[in-house]
Every structure is written in structure tokens, then in C-alpha cells.
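Trainee: Below is one structure. I have some questions about it.
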Amino acid sequence: MTLIKRISTILGAVVLGISAMAHAGPDTETDGNDVILAGHDAVAYFTQGKPVEGSADYTAVYNGAIYRFSTAKNRDSFNNNPQRYAPQYGGFCAYGMTFGKKFEVDGKAFEVVDGKLYVNKNMDVYKAWAEDIPKHINEAGAQWPKVENTPAAKL
């Protein structure tokens, strides 16, 4: 085996290892490309108070999920403190979590409560969740530790 083939094989193994480590696990709601929040900018929920589509040009990886941002400034803010901006319950639907279920989200239904981001499946589900947010946060918080590492399909 030539030196170039050996180096190529080693580099290929390293790249595969790194990509395997970056894959989002069952504790994070992502699409097939590991993008979280349906591609919406996590920082914009806090700074603009609305869902803003992120761009593939500005990304960061946190807990194996790929976050997209609308600006480099938002990406940098996230990188400086990802725990501040990352959604609760791994980005799964906050109302679904009250039942111990993991549902995907559309990224448009959200609420920031006490400095934490909560997302819901869609606006209809959000309306039900918003009827008693403190109660639902307590219920979801009690369920999350029980299901955090269980794949959604097994719940």
C-alpha cells in the first residue's frame, strides 16, 4: 500500500469517526440532516421575539445537533453560551413532553419563559400548551428525565 493510500485511509477513518460523534442522539429533535428547530435561528427567538429562518452559511453544532443562524453575530452569540439558547427537552415539543412523548416541531410555535426556549409541534399545539404554561413546564420537566435517552419511536 502506498503512503498516499495509507494517509487517505486514515483520514477517511478520522472523518467517519468525527461525523459519528457529531450525530444527534435520541435526546435531540433533529431532521434527517441533524438540523434542529426546523432550521430556525435559536438566538432570534430571544433577540427578535419571533421565528427566523437560519442559513446554512451560519451554523454551529451543539449536542450533535446542527443549529442554523440568520447572521454570523447570532452564531457567535450561540457559540459563546449555547446552554442559554438551546431549546428545552432537546427541541422536542414542550406540550408533548407533558405526556412523556417526543414530537417534532415546526420551529414557528415557541415561547421564551424565564430565559428558556420552549418549542411546540405547531401553533394548534402551542395554544393548548399556552393555556397553563407553568403547569405544563412542571409536567414536562418531570417527564423529561424518564424519556430523555429513549428514542421517540419507542415512546
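Each chain in the C-alpha cells gets a letter, A, B and so on, in the order shown; residues start at 1 in every chain, and ligands are counted from 1 in the order they appear.
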Once you count only C-alpha atoms, what closest atom pair and distance in Å to one decimal does each residue of stretch 7-90 of chain A within 7 Å of stretch 113-131 of chain A have, with rows by chain and rising residue number, as CSV?
Mentor:
```
residue,atom,partner,partner_atom,distance
A:Tyr85,CA,A:Leu117,CA,6.8
A:Ala86,CA,A:Leu117,CA,6.9
A:Pro87,CA,A:Leu117,CA,4.8
A:Gln88,CA,A:Tyr118,CA,5.6
```
Trainee: Could those residues be written to a file, using C-alpha atoms, as an mmCIF file, in the first residue's frame?
Mentor:
```cif
data_model
loop_
_atom_site.group_PDB
_atom_site.id
_atom_site.type_symbol
_atom_site.label_atom_id
_atom_site.label_comp_id
_atom_site.auth_asym_id
_atom_site.auth_seq_id
_atom_site.Cartn_x
_atom_site.Cartn_y
_atom_site.Cartn_z
ATOM 1 C CA TYR A 85 -30.150 29.486 23.674
ATOM 2 C CA ALA A 86 -30.646 25.732 23.220
ATOM 3 C CA PRO A 87 -34.288 24.650 23.467
ATOM 4 C CA GLN A 88 -35.602 22.735 26.460
#
```
Trainee: Pick the closest to A:Asn63 from A:Lys108, A:Lys154, A:His23, A:Lys146: which is it, counting only C-alpha atoms?
Mentor: A:His23
Trainee: Which residues are near A:Phe92? Cut-off 9 Å, only C-alpha atoms, ignore same chain within fewer than 2 positions. Put them as an MDAnalysis selection string.
Mentor: chainID A and resid 27:30 37 87:90 94:97 101:105 118:121
Trainee: Give me every strand (DSSP E) residue in stretch 108-148 of chain A, going by DSSP on the backbone, as a short mmCIF file (atom, residue, chain, number, x, y, z; two decimals) with N, CA and C atoms, in the first residue's frame.
Mentor:
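Below is the file that was written, states_14.cif:
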```
data_model
loop_
_atom_site.label_atom_id
_atom_site.label_comp_id
_atom_site.auth_asym_id
_atom_site.auth_seq_id
_atom_site.Cartn_x
_atom_site.Cartn_y
_atom_site.Cartn_z
N ALA A 109 -43.76 27.64 16.45
CA ALA A 109 -44.53 27.72 17.70
C ALA A 109 -43.56 27.67 18.87
N PHE A 110 -43.42 28.76 19.59
CA PHE A 110 -42.41 28.84 20.63
C PHE A 110 -42.83 29.82 21.72
N GLU A 111 -42.10 29.74 22.82
CA GLU A 111 -42.26 30.70 23.91
C GLU A 111 -40.94 30.73 24.68
N VAL A 112 -40.50 31.91 25.05
CA VAL A 112 -39.35 32.05 25.93
C VAL A 112 -39.92 32.37 27.31
N VAL A 113 -39.64 31.50 28.27
CA VAL A 113 -40.16 31.66 29.63
C VAL A 113 -38.98 31.62 30.60
N LYS A 116 -35.71 30.70 29.06
CA LYS A 116 -35.56 29.37 28.45
C LYS A 116 -36.50 29.25 27.25
N LEU A 117 -36.00 28.58 26.20
CA LEU A 117 -36.76 28.42 24.98
C LEU A 117 -37.54 27.11 25.00
N TYR A 118 -38.85 27.21 24.76
CA TYR A 118 -39.74 26.06 24.65
C TYR A 118 -40.37 26.10 23.26
N VAL A 119 -40.34 25.00 22.56
CA VAL A 119 -40.93 24.92 21.23
C VAL A 119 -42.03 23.87 21.23
N ASN A 120 -42.99 24.05 20.34
CA ASN A 120 -44.10 23.12 20.22
C ASN A 120 -44.25 22.64 18.79
#
```
Trainee: Could you write out, as a VMD selection string, all the residues of stretch 21-96 of chain A that DSSP marks as helix (DSSP H, G or I)?
Mentor: chain A and resid 21 to 22 37 to 39 42 to 47 72 to 80 82 to 85 88 to 91 94 to 96
Trainee: Rounded to one decimal, what separation in Å do you get between atom CA of A:Pro151 and atom CA of A:Asp31?
Mentor: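 A separation of 13.7 Å between them.
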Trainee: Pick out the residues sitting within 8 Å of A:Ser55, and hand them over as an NGL selection string; count only C-alpha atoms, and ignore anything fewer than 4 positions along from it in its own chain.
Mentor: :A and (39 or 59 or 68-71)
Trainee: May I have the selected residues written with N, CA and C atoms, as a PDB file, in the first residue's frame?
Mentor:
```
ATOM      1  N   GLY A  39     -34.584  24.316  11.397  1.00  0.00           N
ATOM      2  CA  GLY A  39     -33.715  25.273  10.721  1.00  0.00           C
ATOM      3  C   GLY A  39     -33.841  26.705  11.170  1.00  0.00           C
ATOM      4  N   THR A  59     -23.657  28.266  10.856  1.00  0.00           N
ATOM      5  CA  THR A  59     -24.063  27.098  11.636  1.00  0.00           C
ATOM      6  C   THR A  59     -23.152  26.870  12.831  1.00  0.00           C
ATOM      7  N   ARG A  68     -28.788  26.422  12.833  1.00  0.00           N
ATOM      8  CA  ARG A  68     -28.619  27.401  11.759  1.00  0.00           C
ATOM      9  C   ARG A  68     -28.985  28.783  12.294  1.00  0.00           C
ATOM     10  N   PHE A  69     -28.283  29.790  11.787  1.00  0.00           N
ATOM     11  CA  PHE A  69     -28.489  31.162  12.250  1.00  0.00           C
ATOM     12  C   PHE A  69     -28.666  32.097  11.066  1.00  0.00           C
ATOM     13  N   SER A  70     -29.353  33.193  11.305  1.00  0.00           N
ATOM     14  CA  SER A  70     -29.593  34.170  10.241  1.00  0.00           C
ATOM     15  C   SER A  70     -28.411  35.113  10.050  1.00  0.00           C
ATOM     16  N   THR A  71     -27.547  35.205  11.065  1.00  0.00           N
ATOM     17  CA  THR A  71     -26.377  36.090  10.979  1.00  0.00           C
ATOM     18  C   THR A  71     -25.178  35.450  11.683  1.00  0.00           C
TER      19      THR A  71
END
```
